[in-house]
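Content type mmCIF, C-alpha atoms, from the file upload-v2.cif:
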data_start
loop_
_atom_site.group_PDB
_atom_site.id
_atom_site.type_symbol
_atom_site.label_atom_id
_atom_site.label_comp_id
_atom_site.auth_asym_id
_atom_site.auth_seq_id
_atom_site.Cartn_x
_atom_site.Cartn_y
_atom_site.Cartn_z
ATOM 1 C CA MET A 1 -81.312 41.989 2.648
ATOM 2 C CA GLU A 2 -78.577 39.672 1.419
ATOM 3 C CA LYS A 3 -76.269 40.981 -1.305
ATOM 4 C CA LYS A 4 -76.855 39.571 -4.789
ATOM 5 C CA ARG A 5 -74.104 37.150 -5.789
ATOM 6 C CA ASP A 6 -71.880 38.166 -8.670
ATOM 7 C CA ARG A 7 -70.681 35.859 -11.463
ATOM 8 C CA LEU A 8 -67.396 34.987 -9.768
ATOM 9 C CA GLU A 9 -69.210 34.009 -6.559
ATOM 10 C CA ILE A 10 -71.742 31.867 -8.414
ATOM 11 C CA ILE A 11 -68.937 30.051 -10.239
ATOM 12 C CA ARG A 12 -67.115 29.511 -6.926
ATOM 13 C CA ASP A 13 -70.319 28.131 -5.341
ATOM 14 C CA ILE A 14 -70.953 25.709 -8.200
ATOM 15 C CA LEU A 15 -67.343 24.495 -8.243
ATOM 16 C CA SER A 16 -67.315 24.116 -4.430
ATOM 17 C CA VAL A 17 -70.488 22.023 -4.508
ATOM 18 C CA ILE A 18 -69.066 19.777 -7.224
ATOM 19 C CA ARG A 19 -65.674 19.459 -5.489
ATOM 20 C CA GLN A 20 -67.334 18.448 -2.222
ATOM 21 C CA LYS A 21 -68.775 15.404 -3.992
ATOM 22 C CA ASN A 22 -66.158 15.031 -6.681
ATOM 23 C CA GLY A 23 -67.262 12.934 -9.624
ATOM 24 C CA LYS A 24 -70.559 11.966 -8.058
ATOM 25 C CA ILE A 25 -72.779 15.008 -8.146
ATOM 26 C CA LYS A 26 -75.827 15.118 -10.379
ATOM 27 C CA PRO A 27 -77.310 18.273 -11.975
ATOM 28 C CA THR A 28 -80.317 18.184 -9.621
ATOM 29 C CA HIS A 29 -77.996 18.359 -6.607
ATOM 30 C CA ILE A 30 -76.055 21.229 -8.129
ATOM 31 C CA LEU A 31 -79.355 22.991 -8.761
ATOM 32 C CA TYR A 32 -80.434 22.521 -5.175
ATOM 33 C CA LYS A 33 -77.083 23.489 -3.613
ATOM 34 C CA SER A 34 -76.219 26.407 -5.880
ATOM 35 C CA ASN A 35 -79.578 28.139 -5.496
ATOM 36 C CA LEU A 36 -80.016 29.018 -9.177
ATOM 37 C CA SER A 37 -82.835 28.667 -11.683
ATOM 38 C CA HIS A 38 -82.638 25.614 -13.945
ATOM 39 C CA GLN A 39 -81.800 27.693 -17.015
ATOM 40 C CA MET A 40 -79.107 29.676 -15.227
ATOM 41 C CA MET A 41 -77.523 26.526 -13.874
ATOM 42 C CA GLU A 42 -77.494 24.965 -17.365
ATOM 43 C CA ASP A 43 -75.847 28.111 -18.759
ATOM 44 C CA TYR A 44 -73.212 28.148 -16.033
ATOM 45 C CA LEU A 45 -72.477 24.423 -16.414
ATOM 46 C CA ALA A 46 -72.077 24.843 -20.175
ATOM 47 C CA GLU A 47 -69.732 27.782 -19.603
ATOM 48 C CA LEU A 48 -67.676 25.936 -16.985
ATOM 49 C CA LYS A 49 -67.373 22.936 -19.304
ATOM 50 C CA ALA A 50 -66.259 25.180 -22.180
ATOM 51 C CA LYS A 51 -63.663 26.830 -19.927
ATOM 52 C CA GLY A 52 -62.381 23.422 -18.837
ATOM 53 C CA PHE A 53 -63.289 23.912 -15.157
ATOM 54 C CA ILE A 54 -65.545 20.839 -14.948
ATOM 55 C CA GLU A 55 -65.946 17.517 -16.725
ATOM 56 C CA GLU A 56 -69.202 15.823 -17.550
ATOM 57 C CA HIS A 57 -69.490 12.050 -17.098
ATOM 58 C CA LYS A 58 -72.325 10.281 -18.897
ATOM 59 C CA LYS A 59 -73.731 7.408 -16.820
ATOM 60 C CA GLU A 60 -76.601 4.997 -17.311
ATOM 61 C CA ARG A 61 -78.797 7.027 -15.018
ATOM 62 C CA GLY A 62 -78.061 10.511 -16.325
ATOM 63 C CA LYS A 63 -74.848 12.501 -15.929
ATOM 64 C CA THR A 64 -72.477 13.573 -13.155
ATOM 65 C CA TYR A 65 -69.825 16.271 -12.890
ATOM 66 C CA SER A 66 -66.323 16.560 -11.505
ATOM 67 C CA VAL A 67 -63.933 19.482 -11.042
ATOM 68 C CA THR A 68 -60.779 19.556 -13.201
ATOM 69 C CA ASP A 69 -57.351 20.872 -12.118
ATOM 70 C CA LYS A 70 -58.227 24.198 -13.707
ATOM 71 C CA GLY A 71 -61.433 24.369 -11.672
ATOM 72 C CA SER A 72 -59.505 23.541 -8.502
ATOM 73 C CA GLU A 73 -57.019 26.306 -9.288
ATOM 74 C CA TYR A 74 -59.938 28.737 -9.562
ATOM 75 C CA LEU A 75 -61.181 27.721 -6.111
ATOM 76 C CA ASP A 76 -57.695 27.899 -4.581
ATOM 77 C CA LYS A 77 -57.070 31.372 -5.953
ATOM 78 C CA TYR A 78 -60.624 32.643 -5.527
ATOM 79 C CA LYS A 79 -59.819 35.058 -2.676
ATOM 80 C CA LEU A 80 -57.100 36.734 -4.737
ATOM 81 C CA VAL A 81 -59.309 36.873 -7.830
ATOM 82 C CA GLU A 82 -62.204 38.318 -5.833
ATOM 83 C CA GLU A 83 -60.070 40.998 -4.184
ATOM 84 C CA PHE A 84 -58.444 41.990 -7.475
ATOM 85 C CA SER A 85 -61.766 42.211 -9.294
ATOM 86 C CA SER A 86 -63.562 44.157 -6.556
ATOM 87 C CA SER A 87 -60.648 46.591 -6.083
ATOM 88 C CA PHE A 88 -60.299 47.307 -9.787
ATOM 89 C CA GLY A 89 -64.054 47.338 -10.417
ATOM 90 C CA LEU A 90 -64.085 44.316 -12.702
ATOM 91 C CA VAL A 91 -66.976 42.294 -11.284
ATOM 92 C CA MET B 92 -47.927 73.363 -38.157
ATOM 93 C CA VAL B 93 -45.889 73.261 -34.946
ATOM 94 C CA GLU B 94 -47.801 72.481 -31.813
ATOM 95 C CA SER B 95 -46.402 71.688 -28.380
ATOM 96 C CA LEU B 96 -47.383 68.440 -26.682
ATOM 97 C CA TYR B 97 -45.748 69.436 -23.395
ATOM 98 C CA PHE B 98 -42.906 71.536 -22.034
ATOM 99 C CA VAL B 99 -40.216 69.843 -19.950
ATOM 100 C CA PRO B 100 -37.838 72.024 -17.878
ATOM 101 C CA ALA B 101 -34.257 70.904 -18.642
ATOM 102 C CA TRP B 102 -33.292 70.107 -15.018
ATOM 103 C CA PHE B 103 -36.350 67.852 -14.708
ATOM 104 C CA PHE B 104 -35.624 65.904 -17.860
ATOM 105 C CA ASN B 105 -33.689 62.957 -16.361
ATOM 106 C CA ILE B 106 -36.135 62.705 -13.439
ATOM 107 C CA ASP B 107 -38.939 62.607 -15.996
ATOM 108 C CA ILE B 108 -37.347 59.628 -17.743
ATOM 109 C CA LEU B 109 -37.001 57.879 -14.378
ATOM 110 C CA LEU B 110 -40.688 58.591 -13.630
ATOM 111 C CA GLY B 111 -41.559 57.180 -17.043
ATOM 112 C CA VAL B 112 -39.735 53.952 -16.136
ATOM 113 C CA LEU B 113 -41.707 53.790 -12.867
ATOM 114 C CA PHE B 114 -45.012 54.252 -14.744
ATOM 115 C CA ILE B 115 -44.012 51.455 -17.143
ATOM 116 C CA LEU B 116 -43.233 49.157 -14.200
ATOM 117 C CA VAL B 117 -46.563 49.820 -12.454
ATOM 118 C CA THR B 118 -48.708 49.547 -15.598
ATOM 119 C CA SER B 119 -46.893 46.351 -16.733
ATOM 120 C CA PHE B 120 -47.281 44.874 -13.276
ATOM 121 C CA VAL B 121 -51.049 45.535 -13.273
ATOM 122 C CA ALA B 122 -51.312 44.184 -16.833
ATOM 123 C CA GLY B 123 -49.311 41.063 -15.992
ATOM 124 C CA TYR B 124 -51.363 40.344 -12.908
ATOM 125 C CA SER B 125 -54.609 40.879 -14.759
ATOM 126 C CA PHE B 126 -53.537 38.399 -17.461
ATOM 127 C CA LYS B 127 -52.542 35.950 -14.725
ATOM 128 C CA ILE B 128 -56.033 36.198 -13.222
ATOM 129 C CA TYR B 129 -57.548 35.861 -16.696
ATOM 130 C CA LYS B 130 -55.647 32.581 -17.040
ATOM 131 C CA VAL B 131 -57.331 31.320 -13.860
ATOM 132 C CA THR B 132 -60.855 32.648 -14.460
ATOM 133 C CA ARG B 133 -61.106 32.913 -18.267
ATOM 134 C CA GLU B 134 -63.246 36.033 -17.679
ATOM 135 C CA ARG B 135 -63.025 38.509 -20.559
ATOM 136 C CA ASN B 136 -62.939 41.583 -18.285
ATOM 137 C CA PHE B 137 -59.547 40.622 -16.862
ATOM 138 C CA GLN B 138 -58.143 40.141 -20.348
ATOM 139 C CA LEU B 139 -59.405 43.561 -21.461
ATOM 140 C CA PHE B 140 -58.100 45.195 -18.295
ATOM 141 C CA GLY B 141 -54.680 43.640 -18.862
ATOM 142 C CA PHE B 142 -54.761 44.758 -22.487
ATOM 143 C CA ALA B 143 -55.623 48.348 -21.440
ATOM 144 C CA PHE B 144 -52.689 48.538 -19.027
ATOM 145 C CA SER B 145 -50.356 46.955 -21.603
ATOM 146 C CA LEU B 146 -51.278 49.720 -24.047
ATOM 147 C CA LEU B 147 -50.604 52.368 -21.385
ATOM 148 C CA SER B 148 -47.301 50.715 -20.551
ATOM 149 C CA LEU B 149 -46.268 50.740 -24.221
ATOM 150 C CA SER B 150 -47.323 54.384 -24.553
ATOM 151 C CA TYR B 151 -45.042 55.347 -21.628
ATOM 152 C CA LEU B 152 -42.204 53.383 -23.215
ATOM 153 C CA ILE B 153 -42.648 55.248 -26.473
ATOM 154 C CA ARG B 154 -42.850 58.569 -24.588
ATOM 155 C CA ILE B 155 -39.465 57.865 -22.991
ATOM 156 C CA MET B 156 -37.955 56.982 -26.341
ATOM 157 C CA LEU B 157 -39.523 60.080 -27.823
ATOM 158 C CA ASN B 158 -38.148 62.292 -25.053
ATOM 159 C CA ILE B 159 -34.641 60.886 -25.380
ATOM 160 C CA PHE B 160 -34.779 61.236 -29.144
ATOM 161 C CA LEU B 161 -36.112 64.789 -29.036
ATOM 162 C CA THR B 162 -33.601 66.247 -26.578
ATOM 163 C CA THR B 163 -31.222 67.065 -29.390
ATOM 164 C CA VAL B 164 -34.042 68.368 -31.516
ATOM 165 C CA ALA B 165 -35.766 70.908 -29.323
ATOM 166 C CA GLN B 166 -33.465 72.092 -26.537
ATOM 167 C CA GLY B 167 -34.394 75.649 -25.525
ATOM 168 C CA PRO B 168 -32.817 78.098 -23.038
ATOM 169 C CA ARG B 169 -35.344 77.337 -20.265
ATOM 170 C CA GLY B 170 -36.024 73.711 -21.021
ATOM 171 C CA ILE B 171 -36.835 71.107 -23.583
ATOM 172 C CA LEU B 172 -39.841 71.651 -25.756
ATOM 173 C CA LEU B 173 -41.445 68.550 -27.139
ATOM 174 C CA LEU B 174 -42.960 69.416 -30.462
ATOM 175 C CA LEU B 175 -45.949 67.579 -31.763
ATOM 176 C CA PHE B 176 -45.624 68.550 -35.408
ATOM 177 C CA GLY B 177 -43.109 70.171 -37.669
ATOM 178 C CA LEU B 178 -40.522 67.498 -36.855
ATOM 179 C CA THR B 179 -39.156 64.787 -39.100
ATOM 180 C CA ARG B 180 -41.584 62.319 -40.638
ATOM 181 C CA ALA B 181 -40.217 59.521 -38.422
ATOM 182 C CA SER B 182 -40.712 61.413 -35.149
ATOM 183 C CA GLU B 183 -44.212 62.456 -36.249
ATOM 184 C CA ILE B 184 -45.100 58.795 -36.779
ATOM 185 C CA ILE B 185 -43.693 57.894 -33.340
ATOM 186 C CA ILE B 186 -45.772 60.682 -31.739
ATOM 187 C CA TYR B 187 -48.874 59.376 -33.492
ATOM 188 C CA ILE B 188 -48.138 55.869 -32.157
ATOM 189 C CA TYR B 189 -47.808 57.321 -28.640
ATOM 190 C CA VAL B 190 -51.123 59.208 -28.975
ATOM 191 C CA LEU B 191 -52.814 56.112 -30.399
ATOM 192 C CA LEU B 192 -51.605 53.804 -27.605
ATOM 193 C CA PHE B 193 -52.454 56.284 -24.848
ATOM 194 C CA VAL B 194 -55.975 56.989 -26.127
ATOM 195 C CA LEU B 195 -56.649 53.290 -26.832
ATOM 196 C CA GLY B 196 -55.399 52.404 -23.330
ATOM 197 C CA TYR B 197 -57.917 54.647 -21.602
ATOM 198 C CA LEU B 198 -60.618 53.786 -24.142
ATOM 199 C CA THR B 199 -60.140 50.080 -23.341
ATOM 200 C CA LEU B 200 -60.373 50.825 -19.608
ATOM 201 C CA ALA B 201 -63.595 52.788 -20.161
ATOM 202 C CA TYR B 202 -64.949 50.020 -22.414
ATOM 203 C CA THR B 203 -64.171 47.414 -19.733
ATOM 204 C CA SER B 204 -66.265 49.369 -17.246
ATOM 205 C CA LEU B 205 -69.165 49.464 -19.756
ATOM 206 C CA ARG B 206 -69.437 45.643 -19.515
ATOM 207 C CA SER B 207 -70.253 45.642 -23.222
ATOM 208 C CA ARG B 208 -69.520 42.555 -25.283
ATOM 209 C CA SER B 209 -69.965 44.387 -28.548
ATOM 210 C CA LYS B 210 -66.811 44.685 -30.645
ATOM 211 C CA THR B 211 -68.615 47.209 -32.858
ATOM 212 C CA VAL B 212 -68.958 49.644 -29.941
ATOM 213 C CA TYR B 213 -65.223 49.357 -29.243
ATOM 214 C CA ILE B 214 -64.252 49.827 -32.894
ATOM 215 C CA MET B 215 -66.633 52.775 -33.257
ATOM 216 C CA LEU B 216 -65.247 54.534 -30.154
ATOM 217 C CA ALA B 217 -61.652 53.865 -31.238
ATOM 218 C CA ALA B 218 -62.291 55.118 -34.786
ATOM 219 C CA LEU B 219 -64.003 58.295 -33.551
ATOM 220 C CA SER B 220 -61.233 59.074 -31.057
ATOM 221 C CA ILE B 221 -58.412 58.499 -33.526
ATOM 222 C CA LEU B 222 -60.143 60.361 -36.353
ATOM 223 C CA ALA B 223 -60.811 63.326 -34.071
ATOM 224 C CA VAL B 224 -57.071 63.639 -33.292
ATOM 225 C CA LEU B 225 -56.094 63.145 -36.944
ATOM 226 C CA VAL B 226 -58.442 65.676 -38.547
ATOM 227 C CA THR B 227 -58.403 68.503 -36.017
ATOM 228 C CA GLU B 228 -56.145 71.530 -36.195
ATOM 229 C CA TYR B 229 -55.677 71.499 -32.397
ATOM 230 C CA LYS B 230 -54.190 68.025 -32.111
ATOM 231 C CA SER B 231 -52.661 68.074 -28.633
ATOM 232 C CA LEU B 232 -55.738 69.783 -27.146
ATOM 233 C CA THR B 233 -58.023 67.169 -28.753
ATOM 234 C CA PHE B 234 -55.738 64.353 -27.621
ATOM 235 C CA TYR B 235 -55.828 65.473 -23.972
ATOM 236 C CA PHE B 236 -59.547 66.252 -24.191
ATOM 237 C CA ILE B 237 -60.428 62.765 -25.466
ATOM 238 C CA SER B 238 -58.253 60.978 -22.903
ATOM 239 C CA SER B 239 -59.762 63.219 -20.179
ATOM 240 C CA MET B 240 -63.263 62.247 -21.332
ATOM 241 C CA PHE B 241 -62.399 58.564 -20.980
ATOM 242 C CA LEU B 242 -60.759 59.168 -17.595
ATOM 243 C CA ALA B 243 -63.825 61.103 -16.420
ATOM 244 C CA PHE B 244 -66.003 58.156 -17.433
ATOM 245 C CA ILE B 245 -63.692 55.681 -15.658
ATOM 246 C CA SER B 246 -63.620 57.872 -12.519
ATOM 247 C CA TYR B 247 -67.415 58.001 -12.506
ATOM 248 C CA HIS B 248 -67.533 54.198 -12.773
ATOM 249 C CA TYR B 249 -65.282 53.916 -9.678
ATOM 250 C CA TYR B 250 -67.244 56.617 -7.862
ATOM 251 C CA ARG B 251 -70.444 54.566 -8.267
ATOM 252 C CA ARG B 252 -68.695 51.477 -6.970
ATOM 253 C CA VAL B 253 -67.262 53.329 -3.948
ATOM 254 C CA LYS B 254 -70.758 54.650 -3.228
ATOM 255 C CA ASP B 255 -72.159 51.092 -3.359
ATOM 256 C CA SER B 256 -69.476 49.609 -1.098
ATOM 257 C CA PRO B 257 -67.908 52.437 0.947
ATOM 258 C CA LYS B 258 -65.950 50.061 3.192
ATOM 259 C CA ASN B 259 -63.788 48.719 0.373
ATOM 260 C CA LYS B 260 -60.524 50.648 0.923
ATOM 261 C CA ASN B 261 -58.777 49.256 -2.152
ATOM 262 C CA GLN B 262 -61.590 50.369 -4.412
ATOM 263 C CA ARG B 263 -61.505 53.836 -2.857
ATOM 264 C CA LYS B 264 -57.758 54.074 -3.528
ATOM 265 C CA ILE B 265 -58.248 53.124 -7.179
ATOM 266 C CA PHE B 266 -60.997 55.751 -7.436
ATOM 267 C CA TYR B 267 -58.616 58.427 -6.078
ATOM 268 C CA ALA B 268 -55.898 57.207 -8.454
ATOM 269 C CA MET B 269 -58.222 57.611 -11.454
ATOM 270 C CA LEU B 270 -59.299 61.065 -10.258
ATOM 271 C CA LEU B 271 -55.641 62.083 -9.967
ATOM 272 C CA LEU B 272 -54.895 60.762 -13.458
ATOM 273 C CA LEU B 273 -57.854 62.792 -14.712
ATOM 274 C CA ALA B 274 -56.575 65.923 -12.920
ATOM 275 C CA SER B 275 -53.100 65.391 -14.360
ATOM 276 C CA ASN B 276 -54.500 64.979 -17.860
ATOM 277 C CA LEU B 277 -56.638 68.110 -17.566
ATOM 278 C CA LEU B 278 -53.611 70.048 -16.363
ATOM 279 C CA PHE B 279 -51.599 68.763 -19.322
ATOM 280 C CA MET B 280 -54.332 70.201 -21.533
ATOM 281 C CA ILE B 281 -53.946 73.636 -19.891
ATOM 282 C CA ILE B 282 -50.128 73.718 -19.980
ATOM 283 C CA GLY B 283 -49.955 72.505 -23.569
ATOM 284 C CA ASP B 284 -48.873 75.953 -24.727
ATOM 285 C CA TYR B 285 -46.012 75.980 -22.139
ATOM 286 C CA GLN B 286 -47.082 79.216 -20.432
ATOM 287 C CA PHE B 287 -46.823 77.475 -17.111
ATOM 288 C CA TYR B 288 -43.175 76.618 -16.296
ATOM 289 C CA TYR B 289 -43.773 74.271 -13.356
ATOM 290 C CA GLY B 290 -46.965 72.827 -14.855
ATOM 291 C CA TYR B 291 -45.260 69.747 -16.263
ATOM 292 C CA ILE B 292 -43.606 68.925 -12.921
ATOM 293 C CA VAL B 293 -46.950 69.282 -11.124
ATOM 294 C CA THR B 294 -48.713 66.966 -13.614
ATOM 295 C CA GLU B 295 -45.963 64.355 -13.389
ATOM 296 C CA THR B 296 -46.052 64.475 -9.574
ATOM 297 C CA ILE B 297 -49.831 63.986 -9.592
ATOM 298 C CA GLU B 298 -49.380 61.048 -11.979
ATOM 299 C CA LEU B 299 -46.699 59.589 -9.695
ATOM 300 C CA VAL B 300 -49.067 59.708 -6.689
ATOM 301 C CA ALA B 301 -51.805 58.069 -8.802
ATOM 302 C CA TYR B 302 -49.562 55.197 -9.880
ATOM 303 C CA GLY B 303 -48.269 54.927 -6.308
ATOM 304 C CA LEU B 304 -51.841 54.338 -5.147
ATOM 305 C CA ILE B 305 -52.402 51.715 -7.852
ATOM 306 C CA ALA B 306 -49.121 49.931 -7.036
ATOM 307 C CA THR B 307 -49.719 49.857 -3.248
ATOM 308 C CA THR B 308 -53.260 48.530 -3.819
ATOM 309 C CA LEU B 309 -51.944 45.734 -6.000
ATOM 310 C CA PHE B 310 -49.247 44.810 -3.437
ATOM 311 C CA ARG B 311 -51.919 44.727 -0.735
ATOM 312 C CA ILE B 312 -54.101 42.401 -2.827
ATOM 313 C CA ILE B 313 -51.178 40.065 -3.542
ATOM 314 C CA ASN B 314 -50.149 39.975 0.142
ATOM 315 C CA HIS B 315 -53.707 39.171 1.237
ATOM 316 C CA GLY B 316 -53.903 36.470 -1.426
ATOM 317 C CA LYS B 317 -50.692 34.868 -0.131
ATOM 318 C CA LYS B 318 -51.914 34.946 3.477
ATOM 319 C CA GLU B 319 -55.222 33.318 2.506
ATOM 320 C CA ARG B 320 -53.518 30.348 0.848
#
For this file, produce the structure as structure tokens.
Amino acid sequence: MEKKRDRLEIIRDILSVIRQKNGKIKPTHILYKSNLSHQMMEDYLAELKAKGFIEEHKKERGKTYSVTDKGSEYLDKYKLVEEFSSSFGLV
Amino acid sequence: MVESLYFVPAWFFNIDILLGVLFILVTSFVAGYSFKIYKVTRERNFQLFGFAFSLLSLSYLIRIMLNIFLTTVAQGPRGILLLLFGLTRASEIIIYIYVLLFVLGYLTLAYTSLRSRSKTVYIMLAALSILAVLVTEYKSLTFYFISSMFLAFISYHYYRRVKDSPKNKNQRKIFYAMLLLLASNLLFMIIGDYQFYYGYIVTETIELVAYGLIATTLFRIINHGKKER
């Protein structure tokens, strides 16, 4: 059985999906790619927006998301963050 | 009432100060790194973890200052006795600050492992721990007992994690480090009445090994992180 993803992994997955299609990805695509329930995805997106990791762009046909510099820094340093948190039991 | 916090043999005194400096370096390094990761992730756990290690670092700093200050106060024929009470008002206050920082440091670590978001739980635990030390007649015994309780809880948290992922070597090292800190604290509790001449040296050596494990784990993490980038 596959291991359940922790918070840090879910955030990494969402940010990676958005970065792959920077500035063009719609919530439905994030939902599909991140493998989360609709409510969970909404909660994570709200949290990532509040933390300044992503930006929301309102368009005529709904909204799209892009990763900010802060979000990119998270992805770049993810390995270090993950190793620190798993070693010190912080996940 | 005069009560001993610990007994330091005179010849070990300067080495003890040096060890204190090493403990400050390791705990500040862990705290600094945790805050750095908090800046990247904005996850509350990293902030709390950094805060816990900052408190421990400050407590070691105060212990060094206390030791240096007390050498002229309580020099005995076989060593230096650090007195918990019966000293000047100022040194009593400094000892209380040390006790407060040390207990709050381990309490914050234990609270971090609880994953609780409730500030009330934290305040309640802090108030109970501090009040217990303040009102009891056996202050040093209570102080070591409470910090041992928190360390036992933290060790159990790491034990469960090691059991869940036995291949994670870093996590195993941190578990051993916490167990050693617990052992050192329990030993401090036993030697509080200075019956045991080499007891203090043994506890400090155990603590040194524990912080050595923590420091080498952190260096390993940082090195891996650099290689990955």
Check your understanding: Which residue gives the smallest distance to chain A among B:Arg263, B:Val224, B:Tyr291, B:Leu270, with only C-alpha atoms counted?
Key ->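 Looking only at the distances to chain A, the closest residue turns out to be B:Arg263.
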Exercise for review: Show me which bits of chain A are within 6 Å of chain B, counting only C-alpha atoms, as a ChimeraX atom specification.
Suggested key: /A:74,80,87
Check your understanding: Could you list as a list in words every residue that has an atom within 7 Å of (-75.9, 28.6, -10.5), using the file's coordinates and counting all atoms listed in the file?
Key -> Ile10, Ile14, Leu31, Ser34, Asn35, Leu36, Met40, Met41 and Tyr44 of chain A
Taking all listed atoms of region 71-76 of chain A, build the axis-aligned box, pad each of the six sides by 4 Å, then write its centre and edge lengths in Å to one decimal as lines of an AutoDock Vina configuration file.
center_x = -59.2
center_y = 26.1
center_z = -8.1
size_x = 12.4
size_y = 13.2
size_z = 15.1
Practice item. Compare A:Asp76, A:Glu60, A:Asp13, A:Glu82 by their minimum atom-to-atom distance to Tyr32 (chain A), counting all atoms listed in the file, and give me the closest one. Key: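 Among the listed residues, the smallest separation from Tyr32 (chain A) belongs to A:Asp13.
Look at everything within 9 Å of (-63.7, 27.5, -18.6) using only C-alpha atoms, and the residues you get are Ala46, Glu47, Leu48, Lys49, Ala50, Lys51, Gly52, Phe53, Ile54, Lys70 and Gly71 of chain A; Val131, Thr132, Arg133 and Glu134 of chain B.
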**Study point:** Point-to-point distance from CA of Tyr197 (chain B) to CA of Asp255 (chain B), Å rounded to tenths
**Key:**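 Straight-line distance from CA of Tyr197 (chain B) to CA of Asp255 (chain B) works out to 23.4 Å.
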Practice item. For each of A:Asp43, A:Lys63, A:Glu56, A:Leu75, take the minimum atom-to-atom distance to Arg19 (chain A), counting all atoms listed in the file, then give the residue where this is smallest. Key: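 Between A:Asp43, A:Lys63, A:Glu56, A:Leu75, the residue approaching Arg19 (chain A) most closely is A:Leu75.
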